[in-house]
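upload_34.cif follows (mmCIF, C-alpha atoms):
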data_entry
#
loop_
_atom_site.label_atom_id
_atom_site.label_comp_id
_atom_site.auth_asym_id
_atom_site.auth_seq_id
_atom_site.Cartn_x
_atom_site.Cartn_y
_atom_site.Cartn_z
CA MET A 1 156.60 178.31 -161.60
CA ASN A 2 158.13 175.18 -163.08
CA VAL A 3 161.17 174.57 -160.84
CA SER A 4 163.08 173.04 -163.74
CA MET A 5 163.02 176.39 -165.57
CA ASN A 6 165.19 179.43 -164.97
CA VAL A 7 163.41 182.76 -164.61
CA GLU A 8 164.13 183.92 -168.16
CA ASP A 9 162.71 180.75 -169.70
CA TYR A 10 159.70 180.94 -167.40
CA MET A 11 158.94 184.54 -168.38
CA HIS A 12 159.30 183.82 -172.07
CA GLU A 13 156.91 180.90 -171.73
CA LEU A 14 154.38 183.23 -170.07
CA GLY A 15 154.92 185.74 -172.85
CA GLY A 16 154.35 183.23 -175.63
CA ARG A 17 151.17 181.97 -174.04
CA ALA A 18 149.96 185.52 -173.47
CA ARG A 19 150.54 186.44 -177.11
CA ALA A 20 148.50 183.46 -178.29
CA ALA A 21 145.77 184.29 -175.76
CA ALA A 22 145.69 187.92 -176.89
CA ARG A 23 144.73 186.81 -180.39
CA ARG A 24 141.85 184.73 -179.02
CA THR A 25 140.66 187.53 -176.74
CA ALA A 26 140.80 190.13 -179.51
CA ARG A 27 138.67 188.07 -181.87
CA ALA A 28 136.15 187.06 -179.18
CA SER A 29 132.77 188.73 -179.39
CA SER A 30 131.58 191.17 -176.79
CA ALA A 31 129.14 188.54 -175.54
CA GLU A 32 131.92 185.98 -175.18
CA ARG A 33 134.11 188.38 -173.19
CA SER A 34 131.12 189.27 -171.02
CA ALA A 35 130.36 185.60 -170.35
CA ALA A 36 134.00 185.02 -169.41
CA LEU A 37 133.94 187.88 -166.90
CA GLU A 38 130.76 186.57 -165.30
CA ALA A 39 132.36 183.13 -165.05
CA VAL A 40 135.30 184.74 -163.24
CA ALA A 41 132.92 186.47 -160.81
CA VAL A 42 131.23 183.14 -160.04
CA ALA A 43 134.60 181.43 -159.50
CA LEU A 44 135.75 184.17 -157.11
CA GLU A 45 132.57 183.79 -155.08
CA ALA A 46 133.01 180.03 -154.90
CA ASP A 47 136.66 180.35 -153.88
CA ARG A 48 136.07 183.01 -151.20
CA ALA A 49 137.29 180.80 -148.33
CA VAL A 50 140.44 179.79 -150.23
CA ILE A 51 141.24 183.44 -150.96
CA ARG A 52 140.70 184.39 -147.31
CA ARG A 53 143.08 181.65 -146.10
CA ALA A 54 145.76 182.72 -148.60
CA ASN A 55 145.36 186.34 -147.49
CA GLU A 56 145.69 185.34 -143.82
CA ALA A 57 149.01 183.68 -144.70
CA ASP A 58 150.22 186.91 -146.33
CA LEU A 59 149.08 188.99 -143.34
CA ALA A 60 150.88 186.68 -140.93
CA ALA A 61 154.07 186.78 -143.01
CA GLY A 62 153.82 190.57 -143.36
CA SER A 63 153.32 191.06 -139.64
CA ALA A 64 156.32 188.84 -138.89
CA ALA A 65 158.39 190.83 -141.41
CA GLY A 66 157.48 194.09 -139.65
CA LEU A 67 155.22 195.64 -142.30
CA ASP A 68 153.61 198.80 -140.94
CA ALA A 69 149.89 199.05 -140.18
CA PRO A 70 148.87 201.02 -143.33
CA LEU A 71 150.58 198.46 -145.59
CA LEU A 72 148.95 195.57 -143.75
CA ASP A 73 145.62 197.34 -144.12
CA ARG A 74 146.09 197.64 -147.89
CA LEU A 75 146.99 193.97 -147.98
CA ARG A 76 143.94 192.74 -146.02
CA LEU A 77 141.09 190.98 -147.84
CA ASP A 78 138.07 190.53 -145.59
CA ASP A 79 134.66 189.45 -146.89
CA ALA A 80 133.69 193.06 -147.61
CA ALA A 81 136.83 193.54 -149.71
CA ILE A 82 136.13 190.35 -151.66
CA ASP A 83 132.56 191.57 -152.21
CA ARG A 84 133.98 194.83 -153.61
CA MET A 85 136.27 192.92 -155.96
CA ILE A 86 133.39 190.87 -157.33
CA ASP A 87 131.07 193.89 -157.56
CA GLY A 88 133.80 195.89 -159.30
CA LEU A 89 134.31 193.12 -161.85
CA ARG A 90 130.60 193.05 -162.62
CA GLN A 91 130.52 196.84 -162.90
CA VAL A 92 133.30 196.67 -165.50
CA ASN A 93 131.38 193.94 -167.31
CA VAL A 94 128.34 196.17 -167.94
CA LEU A 95 130.40 199.07 -169.32
CA PRO A 96 130.10 199.81 -173.05
CA ASP A 97 132.52 197.68 -175.07
CA PRO A 98 134.93 199.94 -176.98
CA VAL A 99 136.36 197.19 -179.22
CA GLY A 100 135.34 197.26 -182.88
CA ALA A 101 133.72 200.70 -182.82
CA ILE A 102 134.31 202.56 -186.11
CA THR A 103 134.34 206.35 -185.97
CA ASP A 104 135.03 209.29 -188.28
CA LEU A 105 133.92 207.35 -191.35
CA ASN A 106 133.95 209.74 -194.33
CA PHE A 107 133.82 209.46 -198.11
CA ARG A 108 136.89 210.62 -200.02
CA PRO A 109 136.82 212.03 -203.59
CA SER A 110 138.00 208.62 -204.85
CA GLY A 111 134.80 207.02 -203.52
CA ILE A 112 136.46 205.09 -200.70
CA GLN A 113 135.33 205.53 -197.12
CA VAL A 114 138.03 206.11 -194.49
CA GLY A 115 137.45 205.70 -190.76
CA ARG A 116 139.11 204.45 -187.60
CA MET A 117 138.37 201.26 -185.69
CA ARG A 118 139.12 200.79 -181.99
CA VAL A 119 141.16 197.64 -181.32
CA PRO A 120 142.91 196.06 -178.30
CA LEU A 121 146.54 196.86 -177.50
CA GLY A 122 147.42 193.14 -177.24
CA VAL A 123 149.36 191.96 -174.18
CA ILE A 124 149.44 194.30 -171.19
CA GLY A 125 151.95 193.74 -168.40
CA ILE A 126 150.79 195.17 -165.08
CA ILE A 127 153.21 195.60 -162.16
CA TYR A 128 151.71 196.59 -158.84
CA GLU A 129 152.31 196.64 -155.10
CA SER A 130 150.45 195.69 -151.94
CA ARG A 131 146.79 195.61 -152.93
CA PRO A 132 145.73 192.11 -154.07
CA ASN A 133 142.37 193.46 -155.29
CA VAL A 134 144.31 194.93 -158.23
CA THR A 135 144.67 191.37 -159.53
CA VAL A 136 140.94 191.29 -160.23
CA ASP A 137 140.57 194.95 -161.23
CA ALA A 138 143.38 194.76 -163.78
CA ALA A 139 142.25 191.43 -165.18
CA ALA A 140 138.69 192.69 -165.64
CA LEU A 141 139.71 195.86 -167.45
CA CYS A 142 142.14 194.06 -169.72
CA LEU A 143 139.67 191.30 -170.64
CA LYS A 144 136.78 193.72 -171.23
CA SER A 145 138.96 195.72 -173.62
CA GLY A 146 139.99 192.60 -175.54
CA ASN A 147 143.52 192.23 -174.19
CA ALA A 148 145.50 189.49 -172.49
CA THR A 149 147.50 190.39 -169.40
CA ILE A 150 150.53 189.30 -167.41
CA LEU A 151 150.23 190.38 -163.76
CA ARG A 152 153.13 190.86 -161.38
CA GLY A 153 152.05 191.77 -157.85
CA GLY A 154 154.17 192.55 -154.81
CA SER A 155 155.90 189.76 -152.91
CA GLU A 156 154.02 190.70 -149.74
CA ALA A 157 150.74 189.61 -151.43
CA ILE A 158 152.02 186.56 -153.28
CA GLU A 159 149.73 183.97 -151.67
CA SER A 160 146.64 186.18 -152.07
CA ASN A 161 147.50 186.91 -155.69
CA ARG A 162 148.11 183.25 -156.47
CA ALA A 163 144.73 182.30 -155.02
CA ILE A 164 142.89 185.09 -156.83
CA ALA A 165 144.64 184.36 -160.13
CA ALA A 166 143.80 180.66 -159.83
CA SER A 167 140.12 181.57 -159.44
CA VAL A 168 140.29 183.94 -162.40
CA ARG A 169 141.90 181.31 -164.59
CA ARG A 170 139.41 178.66 -163.46
CA GLY A 171 136.59 180.94 -164.55
CA LEU A 172 138.28 181.59 -167.90
CA ALA A 173 139.17 177.97 -168.61
CA GLU A 174 135.78 177.05 -170.06
CA SER A 175 135.28 180.38 -171.86
CA ALA A 176 136.13 181.38 -175.42
CA LEU A 177 139.07 183.36 -174.03
CA GLY A 178 140.93 180.50 -172.33
CA GLU A 179 142.80 180.61 -169.03
CA ASP A 180 146.00 182.11 -170.48
CA ALA A 181 144.24 185.42 -171.10
CA VAL A 182 145.24 186.20 -167.49
CA GLN A 183 148.57 184.97 -166.15
CA LEU A 184 150.22 185.78 -162.84
CA VAL A 185 153.99 185.84 -162.46
CA ALA A 186 154.13 183.18 -159.74
CA THR A 187 157.71 183.79 -158.65
CA THR A 188 158.84 186.57 -156.30
CA ASP A 189 162.27 186.65 -157.96
CA ARG A 190 162.87 190.28 -158.94
CA ALA A 191 164.62 189.17 -162.11
CA ALA A 192 161.18 188.32 -163.48
CA VAL A 193 160.29 192.02 -163.61
CA GLY A 194 163.43 192.81 -165.59
CA HIS A 195 162.55 190.19 -168.19
CA LEU A 196 158.93 191.38 -168.39
CA LEU A 197 160.12 194.92 -169.11
CA ARG A 198 162.28 193.74 -172.00
CA MET A 199 159.97 191.21 -173.72
CA GLN A 200 159.11 193.39 -176.71
CA GLU A 201 158.19 190.36 -178.80
CA TYR A 202 155.44 189.40 -176.34
CA VAL A 203 154.37 192.50 -174.38
CA ASP A 204 152.84 195.60 -175.98
CA VAL A 205 152.64 197.94 -172.99
CA ILE A 206 153.50 198.02 -169.28
CA VAL A 207 151.26 199.66 -166.69
CA PRO A 208 152.94 200.19 -163.29
CA ARG A 209 150.80 200.86 -160.21
CA GLY A 210 152.68 201.85 -157.08
CA GLY A 211 154.93 204.44 -155.54
CA LYS A 212 157.18 206.89 -157.33
CA GLY A 213 160.27 204.75 -156.75
CA LEU A 214 158.73 201.71 -158.41
CA ILE A 215 157.52 203.69 -161.41
CA GLU A 216 160.86 205.46 -161.86
CA ARG A 217 162.69 202.12 -161.89
CA ILE A 218 160.27 200.61 -164.38
CA SER A 219 160.39 203.65 -166.66
CA ALA A 220 164.20 203.64 -166.63
CA ASP A 221 164.56 199.93 -167.39
CA ALA A 222 161.67 199.24 -169.76
CA ARG A 223 162.10 198.61 -173.47
CA VAL A 224 158.34 198.18 -173.75
CA PRO A 225 156.16 201.35 -173.78
CA VAL A 226 154.99 202.38 -170.30
CA ILE A 227 151.73 204.13 -169.32
CA LYS A 228 152.66 205.93 -166.10
CA HIS A 229 152.55 208.80 -163.73
CA LEU A 230 155.35 209.40 -161.26
CA ASP A 231 153.65 211.64 -158.70
CA GLY A 232 150.70 213.93 -158.12
CA ASN A 233 151.86 217.43 -157.20
CA CYS A 234 148.40 218.95 -157.70
CA HIS A 235 147.54 222.66 -157.38
CA VAL A 236 144.52 224.80 -156.64
CA TYR A 237 144.79 228.44 -157.74
CA VAL A 238 142.40 230.94 -156.15
CA ASP A 239 142.01 233.71 -158.70
CA ARG A 240 141.27 237.38 -158.09
CA ALA A 241 137.67 236.76 -159.26
CA ALA A 242 137.08 233.72 -157.02
CA ASP A 243 134.03 233.31 -154.80
CA ALA A 244 135.52 233.08 -151.30
CA ALA A 245 133.13 230.49 -149.89
CA MET A 246 133.55 228.28 -152.95
CA ALA A 247 137.32 228.61 -152.74
CA ILE A 248 137.45 227.50 -149.09
CA HIS A 249 135.15 224.55 -149.82
CA ILE A 250 137.32 223.40 -152.74
CA ILE A 251 140.56 223.90 -150.81
CA LEU A 252 139.33 221.76 -147.91
CA ASN A 253 138.04 218.96 -150.12
CA SER A 254 141.08 218.94 -152.41
CA LYS A 255 143.48 218.65 -149.48
CA CYS A 256 141.65 216.90 -146.65
CA GLN A 257 139.12 214.48 -148.16
CA ARG A 258 141.98 211.94 -148.41
CA TYR A 259 145.67 212.65 -147.96
CA GLY A 260 147.47 209.64 -149.41
CA VAL A 261 146.12 209.82 -152.97
CA CYS A 262 147.66 211.17 -156.14
CA ASN A 263 144.85 213.67 -156.84
CA ALA A 264 145.00 215.46 -153.48
CA MET A 265 146.10 219.11 -153.57
CA GLU A 266 149.70 219.63 -152.45
CA THR A 267 150.16 223.34 -153.28
CA LEU A 268 147.70 226.21 -152.88
CA LEU A 269 148.24 229.35 -154.96
CA VAL A 270 146.36 232.54 -154.06
CA HIS A 271 146.13 235.81 -156.01
CA ALA A 272 147.89 238.60 -154.11
CA GLU A 273 144.73 240.74 -154.01
CA ARG A 274 142.81 237.95 -152.22
CA ALA A 275 145.50 236.64 -149.85
CA ALA A 276 144.48 238.71 -146.80
CA GLU A 277 140.89 237.47 -147.14
CA ILE A 278 141.32 233.86 -148.26
CA LEU A 279 144.37 232.67 -146.33
CA PRO A 280 143.17 233.28 -142.73
CA ALA A 281 139.83 231.62 -143.48
CA ALA A 282 141.51 228.67 -145.17
CA GLU A 283 144.13 228.33 -142.43
CA ALA A 284 141.47 228.15 -139.70
CA ARG A 285 139.74 225.26 -141.46
CA LEU A 286 143.00 223.50 -142.36
CA ALA A 287 144.33 223.83 -138.79
CA ALA A 288 141.19 222.14 -137.51
CA GLU A 289 142.12 219.19 -139.74
CA GLY A 290 145.69 219.16 -138.45
CA VAL A 291 147.25 220.39 -141.69
CA GLU A 292 150.68 222.06 -141.49
CA ILE A 293 151.14 225.08 -143.79
CA ARG A 294 154.51 225.83 -145.40
CA GLY A 295 154.35 229.24 -147.02
CA CYS A 296 156.26 231.82 -149.01
CA ASP A 297 157.24 235.21 -147.51
CA ALA A 298 153.95 236.79 -148.58
CA THR A 299 152.04 233.91 -146.99
CA LEU A 300 153.98 234.31 -143.73
CA ALA A 301 153.11 238.01 -143.70
CA VAL A 302 149.43 237.01 -143.51
CA LEU A 303 149.91 233.77 -141.53
CA PRO A 304 152.90 234.36 -139.22
CA GLN A 305 152.27 231.03 -137.47
CA ALA A 306 152.95 229.08 -140.69
CA ASN A 307 156.32 227.48 -141.43
CA ARG A 308 158.58 228.82 -144.16
CA ALA A 309 158.53 226.84 -147.41
CA SER A 310 161.78 225.71 -149.01
CA GLU A 311 162.39 225.45 -152.75
CA GLU A 312 161.90 221.69 -152.47
CA ASP A 313 158.40 222.16 -151.01
CA TRP A 314 157.08 223.49 -154.33
CA TYR A 315 157.97 220.16 -155.97
CA GLU A 316 156.73 217.93 -153.14
CA GLU A 317 153.97 215.32 -153.19
CA TYR A 318 153.37 215.10 -149.44
CA LEU A 319 150.61 212.45 -149.38
CA GLY A 320 149.92 213.70 -145.87
CA PRO A 321 148.63 216.69 -143.82
CA ILE A 322 151.12 219.23 -145.16
CA LEU A 323 150.29 221.99 -147.65
CA ALA A 324 152.59 224.37 -149.52
CA VAL A 325 151.05 227.84 -149.97
CA LYS A 326 152.24 230.61 -152.28
CA VAL A 327 150.87 234.07 -152.97
CA VAL A 328 151.19 234.91 -156.67
CA ALA A 329 150.94 238.22 -158.47
CA ASP A 330 148.42 237.17 -161.10
CA LEU A 331 147.14 234.41 -163.38
CA ASP A 332 150.35 234.44 -165.44
CA ALA A 333 152.42 233.76 -162.32
CA ALA A 334 150.07 230.96 -161.24
CA ILE A 335 150.28 229.21 -164.63
CA ALA A 336 154.06 229.62 -164.73
CA HIS A 337 154.41 228.14 -161.23
CA ILE A 338 152.23 225.12 -162.04
CA ASN A 339 153.96 224.36 -165.32
CA HIS A 340 157.40 224.64 -163.67
CA TYR A 341 156.86 222.82 -160.38
CA GLY A 342 153.85 220.60 -161.08
CA SER A 343 153.81 216.96 -162.12
CA ALA A 344 151.28 217.36 -164.97
CA HIS A 345 148.64 215.45 -163.01
CA THR A 346 145.67 217.62 -161.91
CA ASP A 347 145.36 221.38 -161.38
CA ALA A 348 142.34 223.59 -160.66
CA ILE A 349 141.38 227.25 -160.78
CA VAL A 350 138.65 228.87 -158.68
CA THR A 351 137.30 231.89 -160.53
CA ALA A 352 134.20 233.65 -161.81
CA ASP A 353 136.21 235.18 -164.66
CA TYR A 354 135.42 233.29 -167.88
CA ALA A 355 138.52 234.59 -169.69
CA ALA A 356 140.79 233.54 -166.81
CA ALA A 357 139.20 230.10 -166.74
CA ARG A 358 139.68 229.65 -170.48
CA ARG A 359 143.33 230.69 -170.27
CA PHE A 360 143.94 228.30 -167.37
CA LEU A 361 142.38 225.42 -169.29
CA ALA A 362 144.42 226.16 -172.40
CA GLU A 363 147.80 226.96 -170.82
CA VAL A 364 148.19 224.61 -167.84
CA ASP A 365 149.99 221.56 -169.22
CA SER A 366 148.44 218.79 -167.11
CA SER A 367 146.44 215.63 -167.79
CA SER A 368 143.40 217.05 -165.94
CA VAL A 369 142.64 220.78 -165.67
CA MET A 370 139.61 221.93 -163.72
CA VAL A 371 137.52 225.05 -163.18
CA ASN A 372 135.68 225.53 -159.87
CA ALA A 373 135.97 221.88 -158.82
CA SER A 374 138.04 219.80 -156.41
CA THR A 375 141.15 218.05 -157.70
CA ARG A 376 139.77 214.90 -156.05
CA PHE A 377 137.50 214.42 -159.07
CA ALA A 378 140.49 213.25 -161.17
CA ASP A 379 139.37 209.64 -161.14
CA GLY A 380 138.11 207.18 -163.75
CA PHE A 381 134.86 206.47 -161.92
CA GLU A 382 134.13 210.19 -161.40
CA TYR A 383 134.88 210.86 -165.09
CA GLY A 384 132.32 208.27 -166.15
CA LEU A 385 134.86 205.69 -167.29
CA GLY A 386 133.44 203.14 -164.86
CA ALA A 387 136.89 202.11 -163.67
CA GLU A 388 140.53 202.86 -164.37
CA ILE A 389 143.79 200.99 -164.61
CA GLY A 390 145.69 204.07 -163.46
CA ILE A 391 146.28 207.73 -164.28
CA SER A 392 148.70 208.69 -167.02
CA THR A 393 150.64 211.94 -167.15
CA ASP A 394 152.24 210.95 -170.45
CA LYS A 395 151.24 212.81 -173.60
CA LEU A 396 151.23 209.94 -176.07
CA HIS A 397 148.43 207.37 -176.41
CA ALA A 398 146.62 207.80 -173.06
CA ARG A 399 146.49 210.83 -170.76
CA GLY A 400 144.59 211.21 -167.49
CA PRO A 401 142.55 208.34 -166.01
CA VAL A 402 143.04 205.25 -168.19
CA GLY A 403 139.83 203.28 -168.61
CA LEU A 404 138.74 200.77 -171.21
CA GLU A 405 139.31 203.11 -174.14
CA GLY A 406 142.84 203.84 -172.89
CA LEU A 407 143.59 200.11 -173.10
CA THR A 408 142.79 200.14 -176.81
CA THR A 409 144.23 201.89 -179.83
CA GLN A 410 142.88 202.77 -183.27
CA LYS A 411 143.66 201.61 -186.76
CA TYR A 412 142.49 203.10 -190.04
CA VAL A 413 139.92 201.15 -192.00
CA VAL A 414 139.12 201.73 -195.66
CA LEU A 415 135.88 200.60 -197.31
CA GLY A 416 135.65 200.52 -201.09
CA ASP A 417 133.79 198.85 -203.94
CA GLY A 418 136.58 198.27 -206.41
CA GLN A 419 138.43 201.64 -206.42
CA VAL A 420 142.06 201.67 -207.54
CA ARG A 421 144.56 204.51 -207.37
#

What's the C-alpha cells form of this structure?
Amino acid sequence: MNVSMNVEDYMHELGGRARAAARRTARASSAERSAALEAVAVALEADRAVIRRANEADLAAGSAAGLDAPLLDRLRLDDAAIDRMIDGLRQVNVLPDPVGAITDLNFRPSGIQVGRMRVPLGVIGIIYESRPNVTVDAAALCLKSGNATILRGGSEAIESNRAIAASVRRGLAESALGEDAVQLVATTDRAAVGHLLRMQEYVDVIVPRGGKGLIERISADARVPVIKHLDGNCHVYVDRAADAAMAIHIILNSKCQRYGVCNAMETLLVHAERAAEILPAAEARLAAEGVEIRGCDATLAVLPQANRASEEDWYEEYLGPILAVKVVADLDAAIAHINHYGSAHTDAIVTADYAAARRFLAEVDSSSVMVNASTRFADGFEYGLGAEIGISTDKLHARGPVGLEGLTTQKYVVLGDGQVR
C-alpha cells in the first residue's frame, strides 16, 4: 500500500485498475488465459522458497498471538501444500472454458436467431480467512472464467498472501491479461473491507469464504451483490422404505467422514416405523466414533443414553462430533422439518420408494438435494466442476457449488441478416 494514500483512496485505485484489467481479461482468448495461468504456475514454483519464508513469518506471528492449533494448521504452507496449490491451478487450467459459449440458439418467425452467450461477471471481490492457498485457488478460477479479482485475505496470513500474490502478478505481467487482473488488498486495515463492499462502480460481485460471522457481516454491509452461504445445517432422512445397511453407511459417512465442513450432516431424521431398527444400529457406530447424540422424546425412548435435544439444536451447525436426531411421523414431517430448520445447503433421503424420492427432490428447498447418497458429495470437484469458489445457498444467479460457470453470466445475442421490426 502506498503510505501516502488513505485507505479509501487506495481501495478506489485498486478498483479502477481492476475494472480496466477486467476488460482485458474478458476479451482475451481462451489460449491467452491458459498461457497466463501456466505462467503463474511457473512463477509459484520458482518462488517456492520465498513463499515458505513468508509463511514461516505468519506462523511465528500467529503462535505469538496465541492462535489455536487448528487455525495454525490451516495457515501452514509446507512443500506439499505448495505442490497442491500449483497442481490445483493446473487442474483449473485444463477445465472447459465457459466464456463465449452460445446456447439455445433458435430461429424466430421474423428470421432472426436468438440465443444466449456466456460472459464473465467482471470484477470479483473475494474475502477469505486463514487459508493462504485460497489466494491461488480464487485467482485461478477468476482468471479462467475471464474475470479480474480483488483478494482480501485474513490478517493472520498477510505475509503469505503478499508473497503468493506477488508471484501470481509476476506470472501475469508478461501475459495478455496483465498483472492487475489479480490484486491483493495489501493492508490489514479493516476499513478496506468496508470500502470494497461499497465500490459498486468497480466491483460486480463479492464472494466471502469463512465462518458464519464473517459472512453475516459482509452480507449486512455490502452494497455489491454477494454470493454466499451462512451455514450448513444438513439433514439425512431415513424413509420408511430405506435399506437399513445403506442408511447406516450413509449416516456414518455424512457425519463422520469430516466434522468441520459445511456439507457434513448435522441432523438425522428417521421415519417412526424404522426408529427401533435404525437408531440402535446407527448409535452403536456413531458412539464408536465419539459422536454425541441429542434426540427428541421419541429418540430417547429408543436410545435412553442419548441427551435431550433443545429447540436450538434443530438449527445448529455443530461442525463437530455432535448429532441431532429426530423421529418423524412420515415424509411430510421430514420435509417440513428440513424446510423450517435447515439452512438450504444439502439434504438427503435414503429410500427405495421412487415416489418418495421424487417428492423429496421437488419439495426440499435446498441448493443440493440427494437420494441415497452422502451429503459429503456436495462439492464442486465431486459434481464435476473441477473446482469451486464456494457454495451458494442463494436462489439468484448461482446456487450450490460455484465453479467456472457460476463466475459467469449470460447475455442474449441476436443474429440477423437485415431484419427490421

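Rounded to one decimal, atom CA of A:Val40 and atom CA of A:Ala140 lie 9.0 Å from each other.
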
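You can rank A:Leu141, A:Pro225, A:Gln113, A:His249 by their closest distance to A:Gly418 using all atoms listed in the file, and at the top of that list sits A:Gln113.
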
message: Suppose a student applies the PyMOL selection byres ((chain A and resi 218) around 9) to this structure; what residues should they get, written as a PyMOL selection string?
response: chain A and resi 127+193-194+197+206+208+213-217+219-222+226

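Atom CA of A:Ala282 is positioned 12.7 Å from atom CA of A:Ala324.
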
message: Just want the 10 Å neighbourhood of A:Ala245, counted on all atoms listed in the file, with same-chain residues fewer than 6 positions away dropped. Output as a list in words.
response: Ile251, Ile278, Ala281 and Ala282 of chain A

- line: re atom CA of A:Ala28 and atom CA of A:Gly146: distance 7.7 Å

- request: Considering only C-alpha atoms, state which residue in the set A:Ala387, A:Ala176, A:Ala181, A:Leu121 is at the smallest distance from A:Asp204.
  value: A:Leu121

- request: Would you list the contacts of A:Val371 as a ChimeraX atom specification, taking every protein, DNA or RNA residue within 7 Å and counting all atoms listed in the file, but skipping same-chain residues closer than 4 positions in sequence?
  value: /A:348-350,357

message: Give me the residues near A:Thr409 as an NGL selection string, where near means some atom within 10 Å (using all atoms listed in the file) and where sequence neighbours in that chain fewer than 5 positions away do not count.
response: :A and (98-99 or 116-122 or 397-398)

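Ranking A:Ile126, A:Ile164, A:Ala306, A:Leu230 by their shortest atom-to-atom distance to A:Val207, with all atoms listed in the file included, puts A:Ile126 first.
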
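The residues caught by the PyMOL selection byres ((chain A and resi 337) around 10) in this file are His235, Leu269, Trp314, Lys326, Val328, Leu331, Asp332, Ala333, Ala334, Ile335, Ala336, Ile338, Asn339, His340, Tyr341, Gly342 and Val364 of chain A.
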
Residues from the last selection, C-alpha atoms, saved as a PDB file, keeping the file's coordinate frame:
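Full text of again.pdb as output:
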ATOM      1  CA  HIS A 235     147.540 222.660-157.380  1.00  0.00           C
ATOM      2  CA  LEU A 269     148.240 229.350-154.960  1.00  0.00           C
ATOM      3  CA  TRP A 314     157.080 223.490-154.330  1.00  0.00           C
ATOM      4  CA  LYS A 326     152.240 230.610-152.280  1.00  0.00           C
ATOM      5  CA  VAL A 328     151.190 234.910-156.670  1.00  0.00           C
ATOM      6  CA  LEU A 331     147.140 234.410-163.380  1.00  0.00           C
ATOM      7  CA  ASP A 332     150.350 234.440-165.440  1.00  0.00           C
ATOM      8  CA  ALA A 333     152.420 233.760-162.320  1.00  0.00           C
ATOM      9  CA  ALA A 334     150.070 230.960-161.240  1.00  0.00           C
ATOM     10  CA  ILE A 335     150.280 229.210-164.630  1.00  0.00           C
ATOM     11  CA  ALA A 336     154.060 229.620-164.730  1.00  0.00           C
ATOM     12  CA  ILE A 338     152.230 225.120-162.040  1.00  0.00           C
ATOM     13  CA  ASN A 339     153.960 224.360-165.320  1.00  0.00           C
ATOM     14  CA  HIS A 340     157.400 224.640-163.670  1.00  0.00           C
ATOM     15  CA  TYR A 341     156.860 222.820-160.380  1.00  0.00           C
ATOM     16  CA  GLY A 342     153.850 220.600-161.080  1.00  0.00           C
ATOM     17  CA  VAL A 364     148.190 224.610-167.840  1.00  0.00           C
TER      18      VAL A 364
END

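With distances restricted to only C-alpha atoms, A:Ile158 is the closest residue to A:Asp189 from A:Cys262, A:Ala39, A:Ile158, A:Gly232.
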
message: Assuming the chain letters and numbering stay as they are in my file, what does the PyMOL selection byres ((chain A and resi 290) around 12) actually select? List them as a ChimeraX atom specification.
response: /A:252,255-256,259,283-289,291-293,320-323

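Across A:Glu56, A:Glu13, A:Asp394, A:Asp137, the tightest approach to A:Ile227 is made by A:Asp394 when counting all atoms listed in the file.
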
message: Report as number ranges by chain all protein, DNA and RNA residues lying within 12 Å of A:Met370, evaluated on all atoms listed in the file, omitting residues in the same chain fewer than 5 positions from it.
response: A: 234-237, 250, 254, 263, 345-351, 357-365, 375-378

With C-alpha atoms retained, could you export that selection as a JSON list (two decimals), in the coordinates of the input?
[["chain", "number", "residue", "atom", "x", "y", "z"],
["A", 234, "CYS", "CA", 148.40, 218.95, -157.70],
["A", 235, "HIS", "CA", 147.54, 222.66, -157.38],
["A", 236, "VAL", "CA", 144.52, 224.80, -156.64],
["A", 237, "TYR", "CA", 144.79, 228.44, -157.74],
["A", 250, "ILE", "CA", 137.32, 223.40, -152.74],
["A", 254, "SER", "CA", 141.08, 218.94, -152.41],
["A", 263, "ASN", "CA", 144.85, 213.67, -156.84],
["A", 345, "HIS", "CA", 148.64, 215.45, -163.01],
["A", 346, "THR", "CA", 145.67, 217.62, -161.91],
["A", 347, "ASP", "CA", 145.36, 221.38, -161.38],
["A", 348, "ALA", "CA", 142.34, 223.59, -160.66],
["A", 349, "ILE", "CA", 141.38, 227.25, -160.78],
["A", 350, "VAL", "CA", 138.65, 228.87, -158.68],
["A", 351, "THR", "CA", 137.30, 231.89, -160.53],
["A", 357, "ALA", "CA", 139.20, 230.10, -166.74],
["A", 358, "ARG", "CA", 139.68, 229.65, -170.48],
["A", 359, "ARG", "CA", 143.33, 230.69, -170.27],
["A", 360, "PHE", "CA", 143.94, 228.30, -167.37],
["A", 361, "LEU", "CA", 142.38, 225.42, -169.29],
["A", 362, "ALA", "CA", 144.42, 226.16, -172.40],
["A", 363, "GLU", "CA", 147.80, 226.96, -170.82],
["A", 364, "VAL", "CA", 148.19, 224.61, -167.84],
["A", 365, "ASP", "CA", 149.99, 221.56, -169.22],
["A", 375, "THR", "CA", 141.15, 218.05, -157.70],
["A", 376, "ARG", "CA", 139.77, 214.90, -156.05],
["A", 377, "PHE", "CA", 137.50, 214.42, -159.07],
["A", 378, "ALA", "CA", 140.49, 213.25, -161.17]]
